[in-house]
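*Asks:* Data file my_file-v8.txt (compact mmCIF, C-alpha atoms) is appended below.
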```txt
# COMPACT_ATOMS: atom_id res chain seq x y z
CA MET A 1 -14.31 -1.49 39.81
CA ARG A 2 -17.54 0.53 39.78
CA LEU A 3 -16.24 2.37 36.73
CA MET A 4 -15.74 -0.95 34.96
CA LEU A 5 -19.33 -1.97 35.72
CA THR A 6 -20.96 1.33 34.77
CA SER A 7 -19.06 1.57 31.49
CA LEU A 8 -19.97 -1.99 30.56
CA PRO A 9 -23.27 -1.21 28.71
CA PHE A 10 -21.43 1.43 26.70
CA LEU A 11 -18.59 -0.91 25.80
CA TRP A 12 -21.18 -3.55 24.94
CA GLN A 13 -22.40 -1.33 22.07
CA GLY A 14 -18.84 -1.06 20.83
CA LEU A 15 -18.36 -4.80 21.16
CA LEU A 16 -21.41 -5.37 18.94
CA VAL A 17 -19.83 -3.16 16.25
CA THR A 18 -16.54 -5.07 16.58
CA LEU A 19 -18.44 -8.33 16.15
CA GLU A 20 -20.39 -6.89 13.21
CA VAL A 21 -17.24 -5.69 11.44
CA SER A 22 -15.41 -8.96 12.13
CA GLY A 23 -18.43 -11.05 11.11
CA ILE A 24 -18.89 -9.34 7.75
CA VAL A 25 -15.16 -9.44 7.02
CA VAL A 26 -14.90 -13.11 8.00
CA VAL A 27 -17.73 -14.10 5.64
CA VAL A 28 -16.55 -11.94 2.72
CA SER A 29 -12.91 -12.98 3.08
CA LEU A 30 -13.89 -16.65 3.37
CA VAL A 31 -15.81 -16.63 0.09
CA LEU A 32 -13.33 -14.45 -1.85
CA GLY A 33 -10.31 -16.13 -0.25
CA VAL A 34 -11.38 -19.64 -1.19
CA VAL A 35 -12.12 -18.53 -4.76
CA LEU A 36 -8.74 -16.75 -5.06
CA GLY A 37 -6.94 -19.65 -3.35
CA THR A 38 -8.46 -22.07 -5.86
CA GLY A 39 -7.45 -19.78 -8.72
CA LEU A 40 -3.95 -19.57 -7.27
CA THR A 41 -3.63 -23.36 -7.14
CA TYR A 42 -5.43 -24.54 -10.27
CA GLY A 43 -5.78 -21.45 -12.44
CA PRO A 44 -3.76 -20.89 -15.61
CA ARG A 45 -0.89 -18.45 -15.32
CA ILE A 46 -3.02 -15.51 -16.48
CA VAL A 47 -5.34 -16.07 -13.49
CA ALA A 48 -2.81 -17.17 -10.90
CA TRP A 49 -0.32 -14.36 -11.49
CA PRO A 50 -2.57 -11.37 -10.76
CA ILE A 51 -3.79 -13.15 -7.62
CA ARG A 52 -0.20 -13.81 -6.55
CA VAL A 53 0.68 -10.13 -7.07
CA TYR A 54 -2.42 -8.98 -5.18
CA SER A 55 -1.81 -11.36 -2.31
CA ASP A 56 1.87 -10.47 -1.93
CA ILE A 57 1.24 -6.74 -2.04
CA VAL A 58 -1.59 -6.83 0.47
CA ARG A 59 0.16 -9.21 2.85
CA GLY A 60 3.37 -7.21 2.65
CA THR A 61 1.69 -3.93 3.61
CA PRO A 62 0.83 -3.17 7.24
CA LEU A 63 -2.92 -3.30 7.87
CA LEU A 64 -2.81 0.20 9.34
CA VAL A 65 -1.32 1.61 6.14
CA LEU A 66 -3.92 -0.25 4.07
CA ILE A 67 -6.81 1.09 6.14
CA PHE A 68 -5.58 4.70 5.92
CA PHE A 69 -4.90 4.34 2.20
CA VAL A 70 -8.40 3.05 1.43
CA TYR A 71 -10.12 5.37 3.91
CA TYR A 72 -8.49 8.59 2.71
CA GLY A 73 -7.61 7.46 -0.80
CA LEU A 74 -11.02 6.40 -2.12
CA PRO A 75 -12.71 9.80 -1.54
CA ALA A 76 -9.70 11.51 -3.13
CA VAL A 77 -10.35 9.69 -6.40
CA GLY A 78 -14.09 10.31 -6.18
CA VAL A 79 -15.36 7.06 -4.64
CA LYS A 80 -17.61 7.86 -1.68
CA ILE A 81 -18.72 4.82 0.27
CA GLY A 82 -18.65 6.13 3.84
CA ASN A 83 -16.09 5.44 6.54
CA PHE A 84 -17.68 2.18 7.75
CA TRP A 85 -17.51 0.47 4.38
CA ALA A 86 -14.11 1.93 3.52
CA ALA A 87 -12.57 0.52 6.70
CA LEU A 88 -14.40 -2.74 6.14
CA ALA A 89 -13.16 -2.98 2.54
CA ALA A 90 -9.56 -2.52 3.66
CA LEU A 91 -9.83 -5.16 6.38
CA ALA A 92 -11.60 -7.55 4.00
CA ALA A 93 -8.95 -7.06 1.30
CA PHE A 94 -6.26 -7.85 3.87
CA GLU A 95 -7.92 -10.96 5.30
CA THR A 96 -8.94 -12.23 1.84
CA ALA A 97 -5.28 -12.49 0.88
CA HIS A 98 -4.53 -14.45 4.06
CA VAL A 99 -7.48 -16.81 3.53
CA ALA A 100 -6.38 -17.31 -0.09
CA GLU A 101 -2.93 -18.46 1.08
CA THR A 102 -4.48 -20.77 3.67
CA ALA A 103 -6.75 -22.26 0.99
CA ARG A 104 -3.80 -22.65 -1.40
CA GLY A 105 -1.80 -24.45 1.25
CA ALA A 106 -4.70 -26.78 2.03
CA LEU A 107 -5.36 -27.56 -1.63
CA GLN A 108 -1.69 -28.18 -2.45
CA SER A 109 -1.38 -30.57 0.45
CA ILE A 110 -3.78 -32.99 -1.22
CA HIS A 111 -1.83 -35.71 -2.98
CA LEU A 112 -1.72 -35.40 -6.77
CA GLY A 113 -2.84 -39.03 -7.03
CA GLN A 114 -6.27 -37.94 -5.83
CA THR A 115 -6.67 -35.62 -8.82
CA GLU A 116 -5.35 -38.27 -11.18
CA ALA A 117 -7.70 -40.91 -9.80
CA ALA A 118 -10.65 -38.52 -10.09
CA LYS A 119 -9.67 -37.74 -13.67
CA ALA A 120 -9.33 -41.44 -14.43
CA ILE A 121 -12.91 -42.13 -13.43
CA GLY A 122 -14.04 -39.28 -15.67
CA LEU A 123 -14.97 -36.53 -13.21
CA THR A 124 -15.12 -32.99 -14.56
CA PHE A 125 -13.12 -30.21 -12.87
CA GLU A 126 -16.16 -29.08 -10.85
CA GLN A 127 -16.90 -32.65 -9.76
CA ARG A 128 -13.27 -33.26 -8.84
CA MET A 129 -13.24 -30.16 -6.68
CA LEU A 130 -16.61 -30.74 -5.08
CA TYR A 131 -16.40 -34.45 -4.35
CA VAL A 132 -12.69 -35.23 -4.10
CA ILE A 133 -10.42 -32.27 -3.34
CA PHE A 134 -12.46 -29.86 -1.20
CA PRO A 135 -13.73 -32.44 1.32
CA GLN A 136 -10.16 -33.58 1.95
CA ALA A 137 -8.68 -30.09 1.96
CA LEU A 138 -11.28 -28.91 4.46
CA ARG A 139 -9.60 -30.41 7.49
CA ARG A 140 -6.27 -28.86 6.49
CA PHE A 141 -8.01 -25.56 5.96
CA LEU A 142 -10.16 -25.18 9.06
CA PRO A 143 -7.61 -24.96 11.92
CA PRO A 144 -5.41 -22.26 10.31
CA TRP A 145 -8.54 -20.50 9.08
CA VAL A 146 -9.85 -20.11 12.63
CA ASN A 147 -6.54 -18.42 13.41
CA THR A 148 -7.22 -15.92 10.60
CA VAL A 149 -10.58 -15.27 12.25
CA VAL A 150 -8.73 -14.42 15.48
CA GLU A 151 -6.43 -12.14 13.47
CA THR A 152 -9.51 -10.49 11.94
CA VAL A 153 -11.03 -9.70 15.34
CA LYS A 154 -7.69 -8.32 16.52
CA GLY A 155 -7.18 -6.40 13.28
CA SER A 156 -10.67 -4.91 13.51
CA ALA A 157 -9.42 -2.78 16.43
CA LEU A 158 -7.59 -0.70 13.80
CA VAL A 159 -10.87 0.53 12.29
CA SER A 160 -11.21 2.67 15.44
CA LEU A 161 -8.39 4.81 14.00
CA VAL A 162 -10.67 6.00 11.19
CA GLY A 163 -13.57 6.78 13.50
CA ILE A 164 -15.62 3.57 13.54
CA VAL A 165 -17.10 3.31 17.05
CA ASP A 166 -16.05 -0.27 17.75
CA LEU A 167 -14.92 -1.72 21.08
CA MET A 168 -11.49 -0.06 20.86
CA PHE A 169 -13.06 3.32 20.07
CA SER A 170 -15.63 2.96 22.89
CA ILE A 171 -12.81 2.28 25.35
CA GLN A 172 -11.07 5.47 24.21
CA GLN A 173 -14.32 7.43 24.55
CA VAL A 174 -14.92 6.31 28.12
CA ILE A 175 -11.30 7.13 28.99
CA GLY A 176 -11.78 10.55 27.40
CA ARG A 177 -14.60 11.24 29.84
CA THR A 178 -13.27 9.60 32.99
CA PHE A 179 -9.47 9.96 32.69
CA ARG A 180 -9.07 6.47 34.10
CA PRO A 181 -7.15 4.60 31.38
CA MET A 182 -5.94 1.52 33.19
CA PRO A 183 -9.20 -0.11 34.34
CA LEU A 184 -10.76 0.42 30.94
CA TYR A 185 -7.84 -0.90 28.93
CA VAL A 186 -7.76 -3.96 31.16
CA LEU A 187 -11.51 -4.46 30.80
CA GLY A 188 -11.29 -4.01 27.03
CA ALA A 189 -8.36 -6.40 26.81
CA LEU A 190 -10.36 -8.99 28.75
CA MET A 191 -13.31 -8.59 26.38
CA TYR A 192 -11.11 -9.12 23.33
CA PHE A 193 -9.38 -11.98 25.10
CA VAL A 194 -12.59 -13.86 25.87
CA ILE A 195 -13.73 -13.80 22.24
CA ASN A 196 -10.36 -14.67 20.75
CA TYR A 197 -9.41 -17.27 23.32
CA ALA A 198 -12.69 -19.10 22.69
CA LEU A 199 -11.88 -19.06 18.97
CA SER A 200 -8.28 -20.21 19.56
CA LEU A 201 -9.51 -23.08 21.70
CA SER A 202 -11.91 -24.18 18.99
CA ALA A 203 -9.04 -24.09 16.49
CA ARG A 204 -7.00 -26.33 18.77
CA ARG A 205 -9.93 -28.69 19.20
CA LEU A 206 -10.41 -28.92 15.44
CA GLU A 207 -6.73 -29.64 14.99
CA ALA A 208 -6.85 -32.42 17.58
CA ARG A 209 -9.95 -33.88 15.98
CA PHE A 210 -8.38 -33.99 12.54
CA ALA A 211 -4.96 -35.12 13.73
CA TYR A 212 -5.69 -38.84 13.72
CA VAL A 213 -6.61 -38.94 10.04
CA ARG A 214 -3.86 -40.77 8.18
CA GLU A 215 -2.89 -40.18 4.60
CA MET B 216 -12.40 11.33 -11.24
CA ASN B 217 -10.33 14.47 -11.46
CA TYR B 218 -7.38 13.90 -9.20
CA HIS B 219 -4.10 15.28 -10.41
CA LEU B 220 -1.00 13.49 -9.28
CA ASN B 221 1.65 15.73 -7.81
CA PHE B 222 4.61 14.07 -6.18
CA HIS B 223 6.43 17.30 -5.44
CA PHE B 224 5.55 17.41 -1.72
CA VAL B 225 6.31 13.74 -1.19
CA TRP B 226 9.85 14.22 -2.49
CA HIS B 227 10.17 17.48 -0.60
CA TYR B 228 9.42 15.73 2.71
CA PHE B 229 11.00 12.42 1.73
CA GLY B 230 13.44 12.73 4.62
CA ARG B 231 10.57 11.99 7.02
CA LEU B 232 9.88 8.72 5.19
CA GLU B 233 13.55 7.85 4.91
CA TRP B 234 14.22 8.31 8.62
CA GLY B 235 10.86 6.79 9.41
CA LEU B 236 11.89 3.62 7.62
CA VAL B 237 15.19 3.54 9.49
CA LEU B 238 13.35 3.96 12.80
CA SER B 239 10.85 1.25 11.85
CA LEU B 240 13.71 -1.15 11.20
CA GLU B 241 15.40 -0.17 14.46
CA LEU B 242 12.16 -0.76 16.38
CA ALA B 243 11.72 -4.16 14.74
CA VAL B 244 15.33 -5.18 15.49
CA LEU B 245 15.08 -4.08 19.14
CA GLY B 246 11.68 -5.75 19.41
CA VAL B 247 12.92 -9.06 18.07
CA LEU B 248 16.09 -8.97 20.20
CA ALA B 249 14.24 -8.17 23.43
CA GLY B 250 11.50 -10.61 22.44
CA THR B 251 14.15 -13.30 21.92
CA VAL B 252 15.53 -12.70 25.41
CA ILE B 253 12.04 -12.90 26.94
CA GLY B 254 10.94 -15.83 24.77
CA LEU B 255 14.07 -17.89 25.19
CA THR B 256 14.26 -17.33 28.95
CA LEU B 257 10.62 -18.33 29.43
CA ALA B 258 10.98 -21.32 27.11
CA LEU B 259 14.00 -22.59 29.07
CA VAL B 260 12.21 -21.93 32.38
CA ALA B 261 9.05 -23.65 31.14
CA THR B 262 10.85 -26.82 30.08
CA ALA B 263 12.63 -27.01 33.43
CA SER B 264 9.75 -26.22 35.79
CA GLY B 265 6.57 -27.69 37.15
CA ARG B 266 2.96 -27.12 36.30
CA VAL B 267 2.42 -23.86 38.22
CA VAL B 268 5.20 -21.97 36.44
CA ARG B 269 4.20 -23.44 33.10
CA THR B 270 0.60 -22.29 33.61
CA ILE B 271 1.72 -18.76 34.43
CA ILE B 272 3.85 -18.62 31.28
CA ALA B 273 0.99 -20.07 29.22
CA ALA B 274 -1.36 -17.41 30.63
CA TYR B 275 1.05 -14.67 29.53
CA VAL B 276 1.34 -16.17 26.06
CA GLU B 277 -2.40 -16.66 25.57
CA PHE B 278 -3.30 -13.23 26.92
CA ILE B 279 -0.90 -11.36 24.64
CA ARG B 280 -1.73 -13.42 21.58
CA ASN B 281 -5.46 -12.88 21.89
CA VAL B 282 -5.52 -9.13 22.45
CA PRO B 283 -5.09 -6.54 19.66
CA LEU B 284 -1.58 -5.06 19.55
CA LEU B 285 -3.15 -1.59 19.25
CA LEU B 286 -4.75 -2.04 22.67
CA LEU B 287 -1.44 -3.18 24.18
CA VAL B 288 0.30 -0.13 22.70
CA TYR B 289 -2.27 2.17 24.36
CA LEU B 290 -2.19 0.19 27.59
CA VAL B 291 1.56 0.52 28.02
CA PHE B 292 1.73 4.15 26.87
CA TYR B 293 -1.37 5.65 28.55
CA GLY B 294 -2.44 3.00 31.05
CA VAL B 295 0.71 2.03 32.93
CA PRO B 296 1.87 5.58 33.84
CA SER B 297 -1.67 6.40 35.08
CA VAL B 298 -1.46 3.82 37.85
CA GLY B 299 1.93 4.93 39.08
CA GLY B 300 4.07 2.99 36.66
CA PHE B 301 6.97 4.61 34.91
CA ALA B 302 6.18 7.00 32.10
CA TYR B 303 8.42 6.44 29.12
CA SER B 304 8.87 8.33 25.90
CA PRO B 305 6.62 7.07 23.07
CA THR B 306 9.55 5.27 21.42
CA THR B 307 10.70 3.49 24.58
CA SER B 308 7.11 2.66 25.49
CA PHE B 309 6.55 1.13 22.05
CA ILE B 310 9.75 -0.93 22.21
CA ILE B 311 8.62 -2.34 25.57
CA THR B 312 5.22 -3.20 24.09
CA LEU B 313 6.76 -4.81 21.04
CA ALA B 314 9.18 -6.81 23.20
CA VAL B 315 6.37 -8.14 25.41
CA TYR B 316 4.32 -8.89 22.30
CA ALA B 317 7.16 -10.61 20.42
CA GLY B 318 8.15 -12.50 23.56
CA ALA B 319 4.72 -14.14 23.74
CA TYR B 320 5.00 -15.36 20.16
CA LEU B 321 8.62 -16.44 20.46
CA VAL B 322 8.14 -18.51 23.64
CA GLU B 323 6.21 -21.02 21.56
CA VAL B 324 8.77 -20.90 18.76
CA PHE B 325 11.69 -21.55 21.13
CA ARG B 326 9.81 -24.22 23.08
CA ALA B 327 9.17 -26.15 19.87
CA GLY B 328 12.79 -25.57 18.84
CA LEU B 329 14.14 -26.91 22.14
CA LEU B 330 11.96 -30.01 21.81
CA ALA B 331 13.22 -30.54 18.27
CA VAL B 332 16.89 -30.76 19.28
CA PRO B 333 17.80 -34.41 18.70
CA ARG B 334 18.16 -36.33 21.97
CA GLY B 335 21.27 -38.04 20.62
CA LEU B 336 23.17 -34.75 20.40
CA ILE B 337 22.56 -34.01 24.07
CA ASP B 338 23.57 -37.55 25.00
CA ALA B 339 26.71 -37.15 22.91
CA GLY B 340 27.46 -33.96 24.85
CA ARG B 341 27.07 -35.88 28.09
CA ALA B 342 29.29 -38.66 26.76
CA ILE B 343 32.20 -36.31 26.10
CA GLY B 344 31.87 -35.00 29.65
CA LEU B 345 30.14 -31.63 29.24
CA THR B 346 28.41 -30.28 32.33
CA PRO B 347 24.63 -29.58 32.06
CA ALA B 348 25.31 -25.84 31.62
CA GLN B 349 27.89 -26.52 28.93
CA ARG B 350 25.46 -28.83 27.16
CA VAL B 351 22.86 -26.07 27.01
CA VAL B 352 25.32 -23.44 25.78
CA TRP B 353 27.32 -25.53 23.30
CA VAL B 354 24.87 -28.17 22.14
CA THR B 355 21.20 -27.32 22.71
CA LEU B 356 21.15 -23.59 21.95
CA PRO B 357 23.22 -23.57 18.73
CA THR B 358 21.19 -26.46 17.32
CA MET B 359 17.93 -24.85 18.39
CA PHE B 360 18.79 -21.55 16.75
CA ARG B 361 19.35 -23.31 13.45
CA ILE B 362 15.99 -25.05 13.76
CA VAL B 363 14.00 -21.93 14.68
CA LEU B 364 15.73 -19.56 12.24
CA PRO B 365 12.87 -19.61 9.66
CA SER B 366 10.21 -18.93 12.32
CA LEU B 367 12.37 -16.28 13.94
CA GLY B 368 12.82 -14.59 10.57
CA ASN B 369 9.11 -14.59 9.84
CA ALA B 370 8.42 -13.13 13.27
CA PHE B 371 10.93 -10.37 12.51
CA ILE B 372 9.28 -9.43 9.21
CA SER B 373 5.89 -9.51 10.90
CA LEU B 374 7.20 -7.21 13.65
CA PHE B 375 8.57 -4.84 11.02
CA LYS B 376 5.03 -4.40 9.69
CA ASP B 377 3.66 -4.11 13.23
CA THR B 378 5.94 -1.13 13.89
CA SER B 379 3.39 0.89 11.88
CA LEU B 380 1.22 0.85 15.03
CA ALA B 381 3.78 3.06 16.76
CA SER B 382 2.36 5.93 14.70
CA VAL B 383 -0.73 6.06 16.98
CA ILE B 384 1.44 7.24 19.89
CA ALA B 385 3.40 9.62 17.65
CA VAL B 386 6.61 7.63 17.26
CA PRO B 387 8.06 9.16 14.08
CA GLU B 388 8.41 5.90 12.14
CA LEU B 389 7.40 5.25 8.53
CA ALA B 390 3.59 5.18 8.89
CA TYR B 391 3.76 8.32 11.04
CA GLY B 392 5.82 10.05 8.38
CA ALA B 393 3.19 9.09 5.81
CA ASN B 394 0.40 10.49 7.99
CA TRP B 395 2.35 13.66 8.65
CA ILE B 396 2.85 14.34 4.96
CA TYR B 397 -0.79 13.55 4.27
CA THR B 398 -2.19 15.84 6.96
CA ASN B 399 0.11 18.69 5.89
CA THR B 400 -0.17 18.44 2.12
CA PHE B 401 -3.30 16.31 1.41
CA ARG B 402 -1.38 14.37 -1.25
CA ILE B 403 -2.87 11.10 -0.07
CA ILE B 404 -2.51 8.93 -3.18
CA GLU B 405 1.07 10.04 -3.80
CA VAL B 406 2.16 9.50 -0.20
CA TYR B 407 0.82 5.97 -0.04
CA ALA B 408 1.99 5.21 -3.57
CA VAL B 409 5.50 5.82 -2.20
CA VAL B 410 5.13 4.40 1.33
CA THR B 411 3.50 1.10 0.35
CA PRO B 412 6.39 0.09 -1.95
CA MET B 413 8.81 1.13 0.80
CA TYR B 414 7.22 -1.41 3.13
CA LEU B 415 7.00 -4.03 0.36
CA VAL B 416 10.56 -3.70 -0.90
CA THR B 417 12.04 -3.62 2.61
CA GLY B 418 9.98 -6.69 3.57
CA ALA B 419 11.05 -8.50 0.40
CA LEU B 420 14.73 -7.67 0.97
CA LEU B 421 14.51 -8.87 4.58
CA LEU B 422 12.89 -12.10 3.37
CA LEU B 423 15.64 -12.59 0.79
CA GLY B 424 18.34 -12.01 3.37
CA LEU B 425 16.71 -14.46 5.75
CA ARG B 426 16.42 -17.16 3.09
CA LEU B 427 20.14 -16.79 2.37
CA LEU B 428 20.88 -17.00 6.10
CA GLU B 429 18.69 -20.08 6.37
CA ARG B 430 20.52 -21.79 3.55
CA ARG B 431 23.83 -20.99 5.21
CA PHE B 432 22.70 -22.44 8.54
CA ALA B 433 20.41 -25.19 7.25
CA VAL B 434 20.14 -28.25 9.46
CA ARG B 435 21.42 -31.20 7.48
CA ARG B 436 19.34 -34.20 8.34
CA ALA B 437 20.98 -37.61 8.16
```
Give the structure from the file, written as structure tokens.

*Replies:*
Amino acid sequence: MRLMLTSLPFLWQGLLVTLEVSGIVVVVSLVLGVVLGTGLTYGPRIVAWPIRVYSDIVRGTPLLVLIFFVYYGLPAVGVKIGNFWAALAALAAFETAHVAETARGALQSIHLGQTEAAKAIGLTFEQRMLYVIFPQALRRFLPPWVNTVVETVKGSALVSLVGIVDLMFSIQQVIGRTFRPMPLYVLGALMYFVINYALSLSARRLEARFAYVRE
Amino acid sequence: MNYHLNFHFVWHYFGRLEWGLVLSLELAVLGVLAGTVIGLTLALVATASGRVVRTIIAAYVEFIRNVPLLLLVYLVFYGVPSVGGFAYSPTTSFIITLAVYAGAYLVEVFRAGLLAVPRGLIDAGRAIGLTPAQRVVWVTLPTMFRIVLPSLGNAFISLFKDTSLASVIAVPELAYGANWIYTNTFRIIEVYAVVTPMYLVTGALLLLGLRLLERRFAVRRA
């Protein structure tokens, strides 16, 4: 118990890194994912196909393999961006593909009649997206997207394997000094749980809020 | 950029990847089977019990689903033996972790599946004189398995990818084989250029097989 308390400030530093990594990845993957998801749904074949290939490859590869590949592979071909950004790039690439699929699903769920009606009143593609499709797709997008955020926080634990001192890594460090694995793993698990459970609850709340909307 | 591709070492040590892939598949199969036992049991218990039991099961599900699998792998392998629990080999330890992990996901899948079994079928079972136990075995479960087959299949493919985490506790599966070759030969690009397609193709084949299975067992709705 005392060990849990005394290691808390140290783990707190790691938690901040976990939140930093997750935060950056969530923002980057949200922007890129929505763009790629839109391209996947409305783009011509020459745009949609490369995105489809990218998405399927990245989603079909384990995150751990992706992180090692980017982390060790980039320096081998002469790209030196440091371990923090390499791990971040791998995680972002992975989550971007998942966000893109979520966005595609949300966009495709909007009835075709909406697009036709928007075309009929003379809206351009940008106007159709901005005023008609996106606002409706948003409530289909948000609940599953929050789940990708949870997956991002969980996935960010893997960056500890390439030496980023996040929460997972901090836990390992304290265990390395104290040889008391169990209390620290439990404490770490609780810290991850609190963050992710709060996010999961908000996803459920969003879902309930949007559930009444009829088509 | 002056990196010269040389696949010689990758082919030389390909056996490690080959057997790694086989072990990965074995881990995923054992994980999904044990997870099915845990998930189905808890789903049946949850639908038949009161609030206290349901809350305990929900706590298990929520805890596992909101904690990184990597941490659970460490917890079972390093944590549990340190407090007097049994120490298992890395492989056994990982299978236990994967089973507990899969179980938490599958409880929800099976619970939804049980709820989706048409009421009329169960009533029909009662009408022809089946006992409650017979109704579960011959009516509810077979129908439920058809309903949950797609979700079960997706969980299996997901678990197959998750087996890569076993490499952190030195289970010699596919990702471990890749790391071994990398650390011994430094042919990083070549190793991953071979391992990534191995994961992709296996995943794609599994998906194809599952889609065929789904078509075979599709629930025909009236």

*Asks:* For B:Tyr316, please output as an mmCIF file with C-alpha atoms, in the frame of the given file all residues within 9 Å (counting only C-alpha atoms; exclusion window: fewer than 5 positions along the same chain).

*Replies:*
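Produced file result_11.cif, reproduced below:
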```
data_model
loop_
_atom_site.group_PDB
_atom_site.id
_atom_site.type_symbol
_atom_site.label_atom_id
_atom_site.label_comp_id
_atom_site.auth_asym_id
_atom_site.auth_seq_id
_atom_site.Cartn_x
_atom_site.Cartn_y
_atom_site.Cartn_z
ATOM 1 C CA GLY B 246 11.680 -5.750 19.410
ATOM 2 C CA GLY B 250 11.500 -10.610 22.440
ATOM 3 C CA VAL B 276 1.340 -16.170 26.060
ATOM 4 C CA ILE B 279 -0.900 -11.360 24.640
ATOM 5 C CA ARG B 280 -1.730 -13.420 21.580
ATOM 6 C CA LEU B 284 -1.580 -5.060 19.550
ATOM 7 C CA LEU B 287 -1.440 -3.180 24.180
ATOM 8 C CA ILE B 311 8.620 -2.340 25.570
ATOM 9 C CA LEU B 321 8.620 -16.440 20.460
#
```

*Asks:* Tell me which residues come within 7 Å of (-9.0, -10.4, 21.9), as a PyMOL selection string, counting only C-alpha atoms in the file's coordinates.

*Replies:* (chain A and resi 153-154+189+191-196) or (chain B and resi 281-283)

*Asks:* Under the rule of at most 9 Å, produce a per-residue listing of chain A near chain B: chain, number, name, the closest pair of atoms, and the distance in Å, as a tab-separated table, using only C-alpha atoms.

*Replies:*
```
residue	atom	partner	partner_atom	distance
A:Asp56	CA	B:Leu415	CA	8.5
A:Ile57	CA	B:Leu415	CA	6.8
A:Arg59	CA	B:Leu415	CA	8.9
A:Gly60	CA	B:Leu415	CA	5.3
A:Thr61	CA	B:Tyr414	CA	6.1
A:Pro62	CA	B:Lys376	CA	5.0
A:Leu63	CA	B:Lys376	CA	8.2
A:Leu64	CA	B:Ser379	CA	6.7
A:Val65	CA	B:Ala390	CA	6.7
A:Leu66	CA	B:Thr411	CA	8.4
A:Phe68	CA	B:Asn394	CA	8.6
A:Phe69	CA	B:Tyr407	CA	6.4
A:Tyr72	CA	B:Ile403	CA	6.8
A:Gly73	CA	B:Ile404	CA	5.8
A:Leu74	CA	B:Ile404	CA	8.9
A:Ala76	CA	B:Tyr218	CA	6.9
A:Val77	CA	B:Met216	CA	5.5
A:Gly78	CA	B:Met216	CA	5.4
A:Val79	CA	B:Met216	CA	8.4
A:Val150	CA	B:Asn281	CA	7.4
A:Glu151	CA	B:Pro283	CA	8.5
A:Val153	CA	B:Pro283	CA	8.0
A:Lys154	CA	B:Pro283	CA	4.4
A:Gly155	CA	B:Pro283	CA	6.7
A:Ser156	CA	B:Pro283	CA	8.5
A:Ala157	CA	B:Pro283	CA	6.6
A:Leu158	CA	B:Leu285	CA	7.1
A:Leu161	CA	B:Val383	CA	8.3
A:Met168	CA	B:Leu286	CA	7.3
A:Phe179	CA	B:Ser297	CA	8.9
A:Arg180	CA	B:Ser297	CA	7.5
A:Pro181	CA	B:Gly294	CA	5.0
A:Met182	CA	B:Gly294	CA	4.4
A:Pro183	CA	B:Gly294	CA	8.1
A:Leu184	CA	B:Gly294	CA	8.7
A:Tyr185	CA	B:Leu290	CA	5.9
A:Val186	CA	B:Leu290	CA	7.8
A:Gly188	CA	B:Leu286	CA	8.1
A:Ala189	CA	B:Val282	CA	5.9
A:Leu190	CA	B:Val282	CA	7.9
A:Met191	CA	B:Val282	CA	8.7
A:Tyr192	CA	B:Val282	CA	5.7
A:Phe193	CA	B:Asn281	CA	5.1
A:Val194	CA	B:Asn281	CA	8.2
A:Ile195	CA	B:Asn281	CA	8.3
A:Asn196	CA	B:Asn281	CA	5.3
A:Tyr197	CA	B:Asn281	CA	6.1
A:Ser200	CA	B:Asn281	CA	8.2
```

*Asks:* Those selected residues, please, written with C-alpha atoms and delivered as a tab-separated table (two decimals), in the coordinates of the input.

*Replies:*
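Wrote it out as out20.tsv, contents follow:
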```
chain	number	residue	atom	x	y	z
A	56	ASP	CA	1.87	-10.47	-1.93
A	57	ILE	CA	1.24	-6.74	-2.04
A	59	ARG	CA	0.16	-9.21	2.85
A	60	GLY	CA	3.37	-7.21	2.65
A	61	THR	CA	1.69	-3.93	3.61
A	62	PRO	CA	0.83	-3.17	7.24
A	63	LEU	CA	-2.92	-3.30	7.87
A	64	LEU	CA	-2.81	0.20	9.34
A	65	VAL	CA	-1.32	1.61	6.14
A	66	LEU	CA	-3.92	-0.25	4.07
A	68	PHE	CA	-5.58	4.70	5.92
A	69	PHE	CA	-4.90	4.34	2.20
A	72	TYR	CA	-8.49	8.59	2.71
A	73	GLY	CA	-7.61	7.46	-0.80
A	74	LEU	CA	-11.02	6.40	-2.12
A	76	ALA	CA	-9.70	11.51	-3.13
A	77	VAL	CA	-10.35	9.69	-6.40
A	78	GLY	CA	-14.09	10.31	-6.18
A	79	VAL	CA	-15.36	7.06	-4.64
A	150	VAL	CA	-8.73	-14.42	15.48
A	151	GLU	CA	-6.43	-12.14	13.47
A	153	VAL	CA	-11.03	-9.70	15.34
A	154	LYS	CA	-7.69	-8.32	16.52
A	155	GLY	CA	-7.18	-6.40	13.28
A	156	SER	CA	-10.67	-4.91	13.51
A	157	ALA	CA	-9.42	-2.78	16.43
A	158	LEU	CA	-7.59	-0.70	13.80
A	161	LEU	CA	-8.39	4.81	14.00
A	168	MET	CA	-11.49	-0.06	20.86
A	179	PHE	CA	-9.47	9.96	32.69
A	180	ARG	CA	-9.07	6.47	34.10
A	181	PRO	CA	-7.15	4.60	31.38
A	182	MET	CA	-5.94	1.52	33.19
A	183	PRO	CA	-9.20	-0.11	34.34
A	184	LEU	CA	-10.76	0.42	30.94
A	185	TYR	CA	-7.84	-0.90	28.93
A	186	VAL	CA	-7.76	-3.96	31.16
A	188	GLY	CA	-11.29	-4.01	27.03
A	189	ALA	CA	-8.36	-6.40	26.81
A	190	LEU	CA	-10.36	-8.99	28.75
A	191	MET	CA	-13.31	-8.59	26.38
A	192	TYR	CA	-11.11	-9.12	23.33
A	193	PHE	CA	-9.38	-11.98	25.10
A	194	VAL	CA	-12.59	-13.86	25.87
A	195	ILE	CA	-13.73	-13.80	22.24
A	196	ASN	CA	-10.36	-14.67	20.75
A	197	TYR	CA	-9.41	-17.27	23.32
A	200	SER	CA	-8.28	-20.21	19.56
```
